[in-house]
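File shown: structure.cif. Contents: mmCIF, C-alpha atoms.
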```
data_protein
loop_
_atom_site.label_atom_id
_atom_site.label_comp_id
_atom_site.auth_asym_id
_atom_site.auth_seq_id
_atom_site.Cartn_x
_atom_site.Cartn_y
_atom_site.Cartn_z
CA MET N 1 -18.42 65.56 -43.13
CA LEU N 2 -21.90 66.40 -41.82
CA THR N 3 -22.30 70.12 -42.40
CA GLY N 4 -25.38 72.27 -42.09
CA VAL N 5 -27.45 69.49 -40.56
CA THR N 6 -30.47 70.18 -38.38
CA ARG N 7 -33.69 68.22 -38.25
CA LEU N 8 -32.17 64.92 -39.23
CA ILE N 9 -33.13 63.00 -36.11
CA SER N 10 -36.78 63.99 -35.92
CA ARG N 11 -37.30 62.89 -39.54
CA VAL N 12 -35.21 59.74 -39.64
CA PRO N 13 -38.01 57.35 -38.53
CA LYS N 14 -40.13 58.63 -41.45
CA LEU N 15 -37.49 57.81 -44.05
CA ASP N 16 -36.92 54.47 -45.65
CA PRO N 17 -33.43 52.97 -45.50
CA GLY N 18 -31.61 53.58 -48.75
CA HIS N 19 -32.90 57.11 -49.26
CA VAL N 20 -30.48 60.00 -49.48
CA LEU N 21 -30.91 62.80 -46.96
CA ARG N 22 -29.72 66.23 -48.10
CA MET N 23 -28.46 68.61 -45.49
CA GLY N 24 -27.24 71.66 -47.36
CA THR N 25 -28.73 74.83 -48.80
CA ARG N 26 -29.50 73.57 -52.26
CA ALA N 27 -32.98 72.64 -53.42
CA SER N 28 -34.36 69.27 -52.53
CA HIS N 29 -35.26 66.73 -55.22
CA GLY N 30 -37.37 63.58 -55.34
CA LEU N 31 -35.67 61.09 -53.05
CA ALA N 32 -34.00 63.58 -50.70
CA ALA N 33 -35.34 65.45 -47.69
CA ARG N 34 -34.48 69.14 -47.27
CA GLN N 35 -33.00 70.33 -43.95
CA ASP N 36 -33.69 73.86 -42.71
CA SER N 37 -31.96 76.21 -40.23
CA PRO N 38 -28.50 74.70 -40.55
CA VAL N 39 -26.30 74.13 -37.53
CA PRO N 40 -23.09 76.22 -37.70
CA ALA N 41 -20.76 74.46 -40.11
CA GLU N 42 -17.71 74.83 -37.88
CA ARG N 43 -19.30 72.81 -35.09
CA LEU N 44 -20.32 69.78 -37.10
CA ARG N 45 -17.17 69.83 -39.22
CA ALA N 46 -15.18 69.58 -35.99
CA VAL N 47 -17.36 66.76 -34.70
CA SER N 48 -17.40 64.67 -37.82
CA ARG N 49 -14.22 65.35 -39.76
CA THR N 50 -12.49 62.28 -41.12
CA SER N 51 -9.26 61.71 -42.98
CA GLU N 52 -11.13 61.30 -46.27
CA ALA N 53 -11.79 64.06 -48.83
CA ASP N 54 -14.63 66.37 -47.84
CA PRO N 55 -17.64 65.74 -50.14
CA VAL N 56 -19.14 69.07 -49.05
CA LYS N 57 -16.52 70.83 -51.15
CA THR N 58 -17.28 68.60 -54.11
CA PHE N 59 -21.08 68.90 -54.16
CA ASN N 60 -21.45 72.18 -52.23
CA GLU N 61 -23.75 70.41 -49.79
CA ALA N 62 -23.67 67.65 -47.20
CA CYS N 63 -25.67 64.53 -47.92
CA LEU N 64 -26.17 61.39 -45.88
CA MET N 65 -27.78 58.13 -46.92
CA VAL N 66 -30.13 56.71 -44.31
CA ARG N 67 -29.04 53.10 -43.83
CA LYS N 68 -30.17 50.27 -41.56
CA PRO N 69 -26.96 50.02 -39.47
CA ALA N 70 -27.25 53.69 -38.54
CA LEU N 71 -30.97 53.36 -37.77
CA GLU N 72 -30.20 50.39 -35.52
CA LEU N 73 -27.56 52.46 -33.71
CA LEU N 74 -29.96 55.40 -33.33
CA HIS N 75 -32.58 53.08 -31.86
CA TYR N 76 -30.12 51.93 -29.21
CA LEU N 77 -28.96 55.48 -28.43
CA ARG N 78 -32.50 56.77 -28.20
CA ASN N 79 -33.25 54.16 -25.53
CA THR N 80 -30.09 54.62 -23.49
CA ASN N 81 -30.52 54.06 -19.75
CA PHE N 82 -28.19 56.62 -18.23
CA ALA N 83 -28.32 54.98 -14.81
CA HIS N 84 -26.65 51.84 -16.17
CA PRO N 85 -23.00 51.42 -17.21
CA ALA N 86 -22.27 52.79 -20.68
CA VAL N 87 -23.02 50.27 -23.42
CA ARG N 88 -20.43 49.74 -26.16
CA TYR N 89 -21.61 49.55 -29.78
CA LEU N 90 -19.09 48.28 -32.33
CA LEU N 91 -19.59 49.04 -36.03
CA TYR N 92 -17.70 46.59 -38.22
CA GLY N 93 -17.68 45.48 -41.82
CA GLU N 94 -15.56 45.14 -44.92
CA LYS N 95 -13.48 48.08 -46.13
CA GLY N 96 -15.45 50.89 -47.74
CA THR N 97 -18.91 49.85 -46.53
CA GLY N 98 -19.61 53.12 -44.68
CA LYS N 99 -18.73 52.49 -41.04
CA THR N 100 -17.42 56.02 -40.55
CA LEU N 101 -20.58 57.61 -41.96
CA SER N 102 -22.75 55.39 -39.76
CA LEU N 103 -20.69 56.63 -36.83
CA CYS N 104 -21.19 60.22 -38.00
CA HIS N 105 -24.94 59.59 -38.21
CA GLY N 106 -24.89 58.50 -34.57
CA ILE N 107 -22.75 61.50 -33.58
CA HIS N 108 -25.18 63.86 -35.23
CA PHE N 109 -28.12 62.27 -33.43
CA CYS N 110 -26.41 62.79 -30.07
CA ALA N 111 -25.39 66.35 -30.96
CA LYS N 112 -29.03 67.18 -31.75
CA GLN N 113 -30.05 65.62 -28.44
CA ASP N 114 -27.55 67.95 -26.70
CA TRP N 115 -25.03 65.31 -25.68
CA LEU N 116 -21.41 66.19 -25.07
CA ILE N 117 -19.39 64.66 -27.92
CA LEU N 118 -15.98 63.13 -27.29
CA HIS N 119 -14.95 62.16 -30.81
CA VAL N 120 -11.67 60.72 -32.05
CA PRO N 121 -11.97 60.78 -35.87
CA ASP N 122 -9.02 58.47 -36.58
CA ALA N 123 -7.25 56.70 -33.73
CA HIS N 124 -4.66 55.32 -36.16
CA ARG N 125 -3.18 58.81 -36.48
CA TRP N 126 -2.03 58.53 -32.88
CA VAL N 127 0.02 55.38 -33.38
CA LYS N 128 1.94 56.16 -36.56
CA ASN N 129 3.91 58.94 -38.21
CA CYS N 130 3.86 61.13 -35.12
CA ARG N 131 5.45 64.50 -35.86
CA ASP N 132 6.64 65.17 -32.31
CA LEU N 133 7.16 62.63 -29.52
CA LEU N 134 8.28 63.72 -26.05
CA GLN N 135 8.84 61.86 -22.82
CA SER N 136 5.92 62.51 -20.49
CA THR N 137 6.56 64.86 -17.58
CA TYR N 138 3.69 63.24 -15.65
CA ASN N 139 4.85 59.65 -16.07
CA ARG N 140 8.37 59.00 -17.35
CA GLN N 141 7.28 55.58 -18.64
CA ARG N 142 4.99 57.17 -21.24
CA PHE N 143 5.31 59.49 -24.21
CA ASP N 144 3.44 62.71 -25.00
CA GLN N 145 2.20 63.68 -28.46
CA PRO N 146 1.67 67.44 -28.03
CA LEU N 147 0.81 68.33 -31.63
CA GLU N 148 -1.80 65.57 -31.98
CA ALA N 149 -3.23 66.42 -28.56
CA SER N 150 -3.46 70.16 -29.29
CA THR N 151 -5.23 69.51 -32.61
CA TRP N 152 -7.75 67.24 -30.92
CA LEU N 153 -8.41 69.82 -28.18
CA LYS N 154 -9.20 72.49 -30.77
CA HIS N 155 -11.84 70.28 -32.42
CA PHE N 156 -13.22 69.24 -29.03
CA ARG N 157 -13.55 72.90 -28.02
CA THR N 158 -15.40 73.78 -31.21
CA ALA N 159 -17.84 70.88 -30.87
CA ASN N 160 -18.59 71.35 -27.14
CA GLU N 161 -18.08 75.04 -26.48
CA ARG N 162 -21.29 75.43 -24.45
CA PHE N 163 -20.37 72.66 -22.01
CA LEU N 164 -16.86 73.95 -21.29
CA SER N 165 -18.12 76.85 -19.20
CA GLN N 166 -20.71 74.74 -17.35
CA ILE N 167 -18.51 71.83 -16.24
CA LYS N 168 -16.27 72.64 -13.27
CA ILE N 169 -13.12 70.65 -12.55
CA GLN N 170 -13.08 68.81 -9.24
CA GLU N 171 -9.44 69.26 -8.26
CA LYS N 172 -6.48 71.59 -8.71
CA TYR N 173 -4.03 70.90 -11.55
CA VAL N 174 -0.48 72.26 -11.46
CA TRP N 175 1.18 72.74 -14.87
CA ASN N 176 4.51 74.18 -13.73
CA LYS N 177 5.95 76.37 -11.00
CA ARG N 178 4.05 79.41 -12.27
CA GLU N 179 0.82 78.07 -13.74
CA SER N 180 -2.01 76.03 -12.27
CA THR N 181 -5.77 75.61 -12.74
CA GLU N 182 -7.71 75.88 -9.50
CA LYS N 183 -10.43 73.51 -8.33
CA GLY N 184 -13.84 74.80 -9.46
CA SER N 185 -12.49 76.39 -12.63
CA PRO N 186 -14.42 75.71 -15.85
CA LEU N 187 -13.23 72.77 -17.92
CA GLY N 188 -12.60 75.24 -20.72
CA ALA N 189 -9.62 76.58 -18.76
CA VAL N 190 -7.93 73.19 -19.04
CA VAL N 191 -8.68 73.03 -22.76
CA GLU N 192 -7.24 76.52 -23.28
CA GLN N 193 -4.11 75.52 -21.39
CA GLY N 194 -3.58 72.64 -23.80
CA VAL N 195 -4.24 74.79 -26.87
CA THR N 196 -2.08 77.77 -25.88
CA ARG N 197 0.67 75.76 -24.17
CA VAL N 198 1.18 72.95 -26.65
CA ARG N 199 3.71 71.21 -24.44
CA ASN N 200 0.91 70.68 -21.88
CA ALA N 201 -1.63 69.48 -24.47
CA THR N 202 -1.27 65.75 -23.79
CA ASP N 203 -1.74 66.24 -20.04
CA ALA N 204 -4.71 68.52 -20.77
CA VAL N 205 -6.36 65.77 -22.83
CA GLY N 206 -5.86 63.32 -19.97
CA ILE N 207 -7.44 65.75 -17.50
CA VAL N 208 -10.41 66.44 -19.80
CA LEU N 209 -11.08 62.71 -20.21
CA ARG N 210 -10.75 62.05 -16.49
CA GLU N 211 -13.08 64.91 -15.53
CA LEU N 212 -15.71 63.90 -18.08
CA LYS N 213 -15.63 60.28 -17.00
CA ARG N 214 -15.84 61.26 -13.34
CA GLN N 215 -18.71 63.70 -13.80
CA SER N 216 -20.78 61.86 -16.42
CA SER N 217 -22.91 60.21 -13.72
CA LEU N 218 -23.89 63.55 -12.12
CA GLY N 219 -26.58 64.26 -14.74
CA ILE N 220 -25.07 67.57 -15.87
CA PHE N 221 -24.55 66.20 -19.37
CA HIS N 222 -24.88 63.01 -21.41
CA LEU N 223 -21.59 61.80 -22.83
CA LEU N 224 -20.95 60.12 -26.16
CA VAL N 225 -17.53 58.54 -26.63
CA ALA N 226 -17.05 57.97 -30.38
CA VAL N 227 -13.81 56.46 -31.69
CA ASP N 228 -13.19 55.69 -35.36
CA GLY N 229 -10.59 52.95 -35.79
CA VAL N 230 -10.64 51.71 -32.21
CA ASN N 231 -8.48 48.71 -33.17
CA ALA N 232 -5.53 51.13 -33.20
CA LEU N 233 -5.61 51.08 -29.39
CA TRP N 234 -4.19 47.56 -29.38
CA GLY N 235 -1.49 45.93 -31.43
CA ARG N 236 1.62 47.63 -32.77
CA THR N 237 2.73 51.15 -33.65
CA THR N 238 5.28 52.53 -36.11
CA LEU N 239 6.79 54.77 -33.43
CA LYS N 240 10.26 54.09 -32.06
CA ARG N 241 12.51 55.34 -29.27
CA GLU N 242 15.88 56.91 -29.89
CA ASP N 243 17.47 53.46 -29.65
CA LYS N 244 15.10 52.27 -32.42
CA SER N 245 13.14 49.96 -30.10
CA PRO N 246 9.37 49.94 -30.78
CA ILE N 247 6.91 51.85 -28.62
CA ALA N 248 3.82 49.91 -27.50
CA PRO N 249 0.39 51.64 -27.72
CA GLU N 250 -0.05 51.69 -23.95
CA GLU N 251 3.17 53.69 -23.64
CA LEU N 252 1.52 56.59 -25.48
CA ALA N 253 -0.29 58.81 -23.00
CA LEU N 254 -3.12 59.59 -25.45
CA ILE N 255 -3.78 55.90 -26.11
CA TYR N 256 -3.47 55.05 -22.41
CA ASN N 257 -6.14 57.61 -21.48
CA LEU N 258 -8.39 56.75 -24.42
CA ARG N 259 -8.38 53.08 -23.41
CA LYS N 260 -9.85 54.17 -20.08
CA MET N 261 -12.66 56.02 -21.82
CA VAL N 262 -13.80 52.96 -23.79
CA GLN N 263 -14.14 50.93 -20.60
CA ASN N 264 -17.74 50.62 -19.46
CA ASP N 265 -17.04 51.43 -15.80
CA TRP N 266 -18.93 54.73 -15.98
CA ASN N 267 -22.54 55.71 -16.64
CA GLY N 268 -24.38 58.65 -18.11
CA GLY N 269 -23.75 58.01 -21.79
CA ALA N 270 -22.75 55.56 -24.50
CA ILE N 271 -19.66 54.35 -26.37
CA VAL N 272 -19.77 53.98 -30.17
CA LEU N 273 -16.73 52.48 -31.88
CA THR N 274 -15.73 51.43 -35.38
CA LEU N 275 -13.16 48.98 -36.67
CA SER N 276 -11.09 50.29 -39.55
CA GLN N 277 -8.84 48.59 -42.06
CA THR N 278 -7.73 51.96 -43.44
CA GLY N 279 -4.52 52.83 -41.65
CA SER N 280 -4.56 49.58 -39.71
CA LEU N 281 -1.03 48.37 -39.12
CA PHE N 282 0.29 44.86 -39.66
CA GLN N 283 -3.12 43.34 -40.42
CA PRO N 284 -4.32 41.37 -43.48
CA ARG N 285 -6.03 43.66 -45.98
CA LYS N 286 -9.23 41.59 -46.03
CA ALA N 287 -9.54 41.28 -42.24
CA TYR N 288 -12.68 42.94 -40.89
CA LEU N 289 -14.11 40.79 -38.08
CA PRO N 290 -13.68 42.07 -34.51
CA GLN N 291 -11.51 39.10 -33.49
CA GLU N 292 -9.21 39.71 -36.47
CA LEU N 293 -8.67 43.46 -36.10
CA LEU N 294 -8.79 43.75 -32.32
CA GLY N 295 -6.73 40.69 -31.47
CA LYS N 296 -7.26 38.80 -28.23
CA GLU N 297 -6.18 41.67 -25.99
CA GLY N 298 -8.44 44.23 -27.65
CA PHE N 299 -11.40 41.87 -27.96
CA ASP N 300 -11.20 40.94 -24.28
CA ALA N 301 -10.89 44.61 -23.32
CA LEU N 302 -14.08 45.58 -25.20
CA ASP N 303 -16.12 42.50 -24.34
CA PRO N 304 -19.10 42.74 -23.87
CA PHE N 305 -20.23 44.92 -26.76
CA ILE N 306 -23.13 45.07 -29.22
CA PRO N 307 -21.86 44.38 -32.77
CA ILE N 308 -23.48 46.21 -35.69
CA LEU N 309 -22.56 44.94 -39.15
CA VAL N 310 -22.25 47.57 -41.91
CA SER N 311 -22.62 45.77 -45.24
CA ASN N 312 -22.38 46.71 -48.91
CA TYR N 313 -25.22 48.58 -50.61
CA THR N 314 -28.57 46.90 -51.04
CA PRO N 315 -30.07 47.26 -54.57
CA LYS N 316 -32.19 50.18 -53.34
CA GLU N 317 -29.19 51.92 -51.78
CA PHE N 318 -27.11 51.41 -54.92
CA GLU N 319 -29.85 52.96 -57.06
CA SER N 320 -30.20 55.92 -54.68
CA CYS N 321 -26.46 56.56 -54.77
CA MET N 322 -26.38 56.39 -58.56
CA GLN N 323 -29.33 58.76 -58.79
CA TYR N 324 -27.58 61.23 -56.51
CA TYR N 325 -24.40 61.15 -58.60
CA LEU N 326 -26.40 61.68 -61.78
CA GLU N 327 -28.45 64.56 -60.33
CA ASN N 328 -25.26 66.34 -59.32
CA SER N 329 -23.51 65.67 -62.66
CA TRP N 330 -20.83 63.64 -60.90
CA LEU N 331 -21.44 60.93 -63.47
CA GLN N 332 -21.13 62.40 -66.97
CA HIS N 333 -20.31 59.38 -69.10
CA GLU N 334 -23.04 58.82 -71.69
CA GLN N 335 -23.43 55.18 -70.64
CA ALA N 336 -23.89 56.01 -66.94
CA ARG N 337 -27.62 56.62 -67.35
CA THR N 338 -28.26 53.36 -69.17
CA GLU N 339 -29.21 50.10 -67.49
CA GLU N 340 -26.17 48.43 -69.05
CA GLY N 341 -23.88 51.10 -67.57
CA LYS N 342 -25.42 50.72 -64.12
CA LYS N 343 -25.07 46.96 -64.26
CA GLU N 344 -21.40 47.32 -65.19
CA LEU N 345 -20.77 49.65 -62.25
CA LEU N 346 -22.68 47.29 -59.96
CA PHE N 347 -20.50 44.40 -61.10
CA LEU N 348 -17.19 46.28 -60.87
CA SER N 349 -17.92 47.74 -57.44
CA ASN N 350 -19.66 44.66 -56.03
CA SER N 351 -22.06 47.17 -54.42
CA ASN N 352 -19.25 48.44 -52.17
CA PRO N 353 -19.85 52.15 -51.42
CA GLY N 354 -16.20 53.11 -51.33
CA GLN N 355 -15.33 51.23 -54.49
CA LEU N 356 -18.35 52.71 -56.30
CA GLU N 357 -17.26 56.21 -55.32
CA ARG N 358 -13.76 55.62 -56.68
CA LEU N 359 -15.07 54.19 -59.94
CA CYS N 360 -17.48 57.06 -60.50
CA ALA N 361 -14.76 59.65 -59.86
CA TYR N 362 -13.28 58.86 -63.28
CA LEU N 363 -16.57 58.89 -65.18
#
```

Target encoding structure tokens, full file:
Amino acid sequence: MLTGVTRLISRVPKLDPGHVLRMGTRASHGLAARQDSPVPAERLRAVSRTSEADPVKTFNEACLMVRKPALELLHYLRNTNFAHPAVRYLLYGEKGTGKTLSLCHGIHFCAKQDWLILHVPDAHRWVKNCRDLLQSTYNRQRFDQPLEASTWLKHFRTANERFLSQIKIQEKYVWNKRESTEKGSPLGAVVEQGVTRVRNATDAVGIVLRELKRQSSLGIFHLLVAVDGVNALWGRTTLKREDKSPIAPEELALIYNLRKMVQNDWNGGAIVLTLSQTGSLFQPRKAYLPQELLGKEGFDALDPFIPILVSNYTPKEFESCMQYYLENSWLQHEQARTEEGKKELLFLSNSNPGQLERLCAYL
């Protein structure tokens, strides 16, 4: 969702929360800051893609509102002590408040600081509606998800291409009787194996995660682990075996390996997570607190963590969002520019960013 973004981080401290930050090629207006020399779109699209509609296609530019939760997260990331165990930051809040975009703001900061980005845009996709489920060849007690793993590897390769030739694997990996990846080979060779040999994709993801976790303390790179919808790692799935018995999350090799990455038993980076009601299975619709969405097992697994609450719009943020919609002719109803119209939208949306977006889509 963040496309063509460059000097965001250096300018963030100069911006007031609630202002909209433009990051495209169009001209800058009053409350927005123009960004020059855009980063290649493919890289940041791969880093920050979510399951939601891409606003870049709608407005022909990428725009990000600078909000306090994201600034708090950036403050923590900027002061990371890489000699200490990775700190976990948990973004939580009611549905539609902007947790994913706050996560994307943090991802972009780390990308500009030349961190290696390990981003899972929607962990819920790995625990439901899987298109292909195979018994793992590495561990017969687990299941592989080759299509999901191959897709993730492609985005990971796009976002971290420079690092893949620099990082060398620390042991030999045998794929079958004919193919193996020798010790000292670039990590990119493992990624390519997973992309070109889809059946090996799940094992390739596990190797990539293990090598990154093992080497993060060497100082070659700083590692950001960013997972949107981390509550999917615990609880229930919709996946079933051939005998119709349910499959637990830990029986999925992707989930099993991702759980290891969100443990804080490594150093050289940070872990940023969000809780998500969208796609969350078997949970009350209004649940949003960590204890509610994670359950006891998940909460205990992530404890300790630093919670960051993402709330509804403040009056200033609401006004900035409305101004942006009006400037881009997204709001065309004659009453939208009046104070009465704004008050009605404020009341109907309850200042919730997601609800406001949906309401304005019909106006």

Go through the shown structure with the PyMOL selection byres ((chain N and resi 271) around 8) and write out the matching residues as a PyMOL selection string.
chain N and resi 86-89+224-226+262+269-270+272-273

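If all atoms listed in the file are the atoms counted, then among N:Ile306, N:Leu77, N:Leu91, N:Ala149 the closest residue to Trp115 in chain N is N:Leu77.
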
Which polymer residues have any atom within 10 Å of an atom of Leu331 in chain N, counting all atoms listed in the file, with same-chain residues fewer than 4 positions away left out, as a PyMOL selection string?
chain N and resi 322-327+335-337+359-363

Expressed in Å to a single decimal, how great is the separation between CA of Phe221 in chain N and CA of Pro186 in chain N?
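Computed distance, CA of Phe221 in chain N to CA of Pro186 in chain N, equals 14.3 Å.
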
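When all atoms listed in the file are used to compute distances to His155 in chain N, the closest of the residues N:Leu71, N:Val195, N:Cys110, N:Ile255 turns out to be N:Val195.
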
Looking at only C-alpha atoms, which of N:Ser320, N:Thr137, N:Asn328, N:Asn231 is the one that sits closest to Arg259 in chain N?
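Checking each candidate against Arg259 in chain N, we get N:Asn231 as the closest.
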
Up to 9 Å from (-18.1, 44.2, -40.1) in the file's coordinates: name the residues, counting all atoms listed in the file, as a compact mmCIF listing (two decimals) with C-alpha atoms, keeping the file's coordinate frame.
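Result written to part27.txt:
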```txt
# COMPACT_ATOMS: atom_id res chain seq x y z
CA LEU N 90 -19.09 48.28 -32.33
CA LEU N 91 -19.59 49.04 -36.03
CA TYR N 92 -17.70 46.59 -38.22
CA GLY N 93 -17.68 45.48 -41.82
CA GLU N 94 -15.56 45.14 -44.92
CA LYS N 95 -13.48 48.08 -46.13
CA THR N 97 -18.91 49.85 -46.53
CA LYS N 99 -18.73 52.49 -41.04
CA THR N 274 -15.73 51.43 -35.38
CA LEU N 275 -13.16 48.98 -36.67
CA TYR N 288 -12.68 42.94 -40.89
CA LEU N 289 -14.11 40.79 -38.08
CA PRO N 290 -13.68 42.07 -34.51
CA PRO N 307 -21.86 44.38 -32.77
CA ILE N 308 -23.48 46.21 -35.69
CA LEU N 309 -22.56 44.94 -39.15
CA VAL N 310 -22.25 47.57 -41.91
CA SER N 311 -22.62 45.77 -45.24
```

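You can rank N:Ala232, N:Val127, N:Ala201, N:Ile220 by their closest distance to Pro246 in chain N using only C-alpha atoms, and at the top of that list sits N:Val127.
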
I'd like to see the residues matched by the PyMOL selection byres ((chain N and resi 103) around 9) on this file, and ideally I'd get them as a PyMOL selection string.
chain N and resi 48+70+73+91+98-102+104-108+226-228+272-274

Save the residues we just selected, C-alpha atoms, as a PDB file, keeping the file's coordinate frame?
```pdb
ATOM      1  CA  SER N  48     -17.400  64.670 -37.820  1.00  0.00           C
ATOM      2  CA  ALA N  70     -27.250  53.690 -38.540  1.00  0.00           C
ATOM      3  CA  LEU N  73     -27.560  52.460 -33.710  1.00  0.00           C
ATOM      4  CA  LEU N  91     -19.590  49.040 -36.030  1.00  0.00           C
ATOM      5  CA  GLY N  98     -19.610  53.120 -44.680  1.00  0.00           C
ATOM      6  CA  LYS N  99     -18.730  52.490 -41.040  1.00  0.00           C
ATOM      7  CA  THR N 100     -17.420  56.020 -40.550  1.00  0.00           C
ATOM      8  CA  LEU N 101     -20.580  57.610 -41.960  1.00  0.00           C
ATOM      9  CA  SER N 102     -22.750  55.390 -39.760  1.00  0.00           C
ATOM     10  CA  CYS N 104     -21.190  60.220 -38.000  1.00  0.00           C
ATOM     11  CA  HIS N 105     -24.940  59.590 -38.210  1.00  0.00           C
ATOM     12  CA  GLY N 106     -24.890  58.500 -34.570  1.00  0.00           C
ATOM     13  CA  ILE N 107     -22.750  61.500 -33.580  1.00  0.00           C
ATOM     14  CA  HIS N 108     -25.180  63.860 -35.230  1.00  0.00           C
ATOM     15  CA  ALA N 226     -17.050  57.970 -30.380  1.00  0.00           C
ATOM     16  CA  VAL N 227     -13.810  56.460 -31.690  1.00  0.00           C
ATOM     17  CA  ASP N 228     -13.190  55.690 -35.360  1.00  0.00           C
ATOM     18  CA  VAL N 272     -19.770  53.980 -30.170  1.00  0.00           C
ATOM     19  CA  LEU N 273     -16.730  52.480 -31.880  1.00  0.00           C
ATOM     20  CA  THR N 274     -15.730  51.430 -35.380  1.00  0.00           C
TER      21      THR N 274
END
```

Do a neighbour search on Asp122 in chain N at 9 Å with all atoms listed in the file, toss out local chain neighbours closer than 3 positions, and write the hits as number ranges by chain.
N: 50-51, 125-126, 227-230, 232, 276, 279

Calculated over all atoms listed in the file, which of the candidates N:Gly354, N:Pro146, N:Pro121, N:Gly341 has the smallest distance to Asp203 in chain N?
N:Pro146

List every protein, DNA or RNA residue that has at least one atom no more than 10 Å from (-23.6, 49.5, -18.3) in the file's coordinates, counting all atoms listed in the file, and write the result as number ranges by chain.
N: 80-88, 263-270, 304

Of the candidates N:Glu179, N:Gly188, N:Gln141, N:His222, which shows the shortest atom-to-atom distance to Arg78 in chain N, using all atoms listed in the file?
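Closest to Arg78 in chain N, using all atoms listed in the file: N:His222.
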
Would you kindly translate the PyMOL selection byres ((chain N and resi 194) around 8) into the concrete residues it picks from this file, as a list in words?
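Those residues are Ala149, Ser150, Leu153, Val190, Val191, Glu192, Gln193, Val195, Thr196, Arg197, Val198, Arg199, Asn200, Ala201, Thr202, Asp203, Ala204 and Val205 of chain N.
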
Got a minute to add all heavy atoms to range 131-135 of chain N and dump it as a PDB file, in the frame of the given file?
```pdb
ATOM      1  N   ARG N 131       4.515  63.439 -35.504  1.00  0.00           N
ATOM      2  CA  ARG N 131       5.450  64.500 -35.860  1.00  0.00           C
ATOM      3  C   ARG N 131       6.339  64.919 -34.684  1.00  0.00           C
ATOM      4  O   ARG N 131       7.421  65.447 -34.883  1.00  0.00           O
ATOM      5  CB  ARG N 131       4.680  65.715 -36.370  1.00  0.00           C
ATOM      6  CG  ARG N 131       4.015  65.496 -37.724  1.00  0.00           C
ATOM      7  CD  ARG N 131       3.166  66.685 -38.100  1.00  0.00           C
ATOM      8  NE  ARG N 131       1.980  66.783 -37.265  1.00  0.00           N
ATOM      9  CZ  ARG N 131       1.147  67.819 -37.273  1.00  0.00           C
ATOM     10  NH1 ARG N 131       1.395  68.844 -38.059  1.00  0.00           N
ATOM     11  NH2 ARG N 131       0.085  67.839 -36.490  1.00  0.00           N
ATOM     12  N   ASP N 132       5.881  64.726 -33.474  1.00  0.00           N
ATOM     13  CA  ASP N 132       6.640  65.170 -32.310  1.00  0.00           C
ATOM     14  C   ASP N 132       6.322  64.232 -31.147  1.00  0.00           C
ATOM     15  O   ASP N 132       5.169  64.098 -30.748  1.00  0.00           O
ATOM     16  CB  ASP N 132       6.282  66.606 -31.957  1.00  0.00           C
ATOM     17  CG  ASP N 132       7.298  67.241 -31.023  1.00  0.00           C
ATOM     18  OD1 ASP N 132       8.324  66.585 -30.761  1.00  0.00           O
ATOM     19  OD2 ASP N 132       7.068  68.382 -30.572  1.00  0.00           O
ATOM     20  N   LEU N 133       7.347  63.609 -30.594  1.00  0.00           N
ATOM     21  CA  LEU N 133       7.160  62.630 -29.520  1.00  0.00           C
ATOM     22  C   LEU N 133       8.084  63.014 -28.376  1.00  0.00           C
ATOM     23  O   LEU N 133       9.303  63.081 -28.544  1.00  0.00           O
ATOM     24  CB  LEU N 133       7.483  61.226 -30.026  1.00  0.00           C
ATOM     25  CG  LEU N 133       6.973  60.035 -29.213  1.00  0.00           C
ATOM     26  CD1 LEU N 133       5.447  60.019 -29.186  1.00  0.00           C
ATOM     27  CD2 LEU N 133       7.497  58.738 -29.796  1.00  0.00           C
ATOM     28  N   LEU N 134       7.503  63.284 -27.203  1.00  0.00           N
ATOM     29  CA  LEU N 134       8.280  63.720 -26.050  1.00  0.00           C
ATOM     30  C   LEU N 134       8.025  62.795 -24.870  1.00  0.00           C
ATOM     31  O   LEU N 134       6.930  62.240 -24.728  1.00  0.00           O
ATOM     32  CB  LEU N 134       7.897  65.151 -25.646  1.00  0.00           C
ATOM     33  CG  LEU N 134       8.058  66.243 -26.715  1.00  0.00           C
ATOM     34  CD1 LEU N 134       7.532  67.567 -26.183  1.00  0.00           C
ATOM     35  CD2 LEU N 134       9.510  66.368 -27.136  1.00  0.00           C
ATOM     36  N   GLN N 135       9.029  62.652 -24.032  1.00  0.00           N
ATOM     37  CA  GLN N 135       8.840  61.860 -22.820  1.00  0.00           C
ATOM     38  C   GLN N 135       7.889  62.603 -21.893  1.00  0.00           C
ATOM     39  O   GLN N 135       7.994  63.813 -21.699  1.00  0.00           O
ATOM     40  CB  GLN N 135      10.178  61.629 -22.117  1.00  0.00           C
ATOM     41  CG  GLN N 135      10.103  60.594 -21.003  1.00  0.00           C
ATOM     42  CD  GLN N 135      11.473  60.211 -20.482  1.00  0.00           C
ATOM     43  OE1 GLN N 135      12.351  61.047 -20.366  1.00  0.00           O
ATOM     44  NE2 GLN N 135      11.666  58.938 -20.193  1.00  0.00           N
TER      45      GLN N 135
END
```
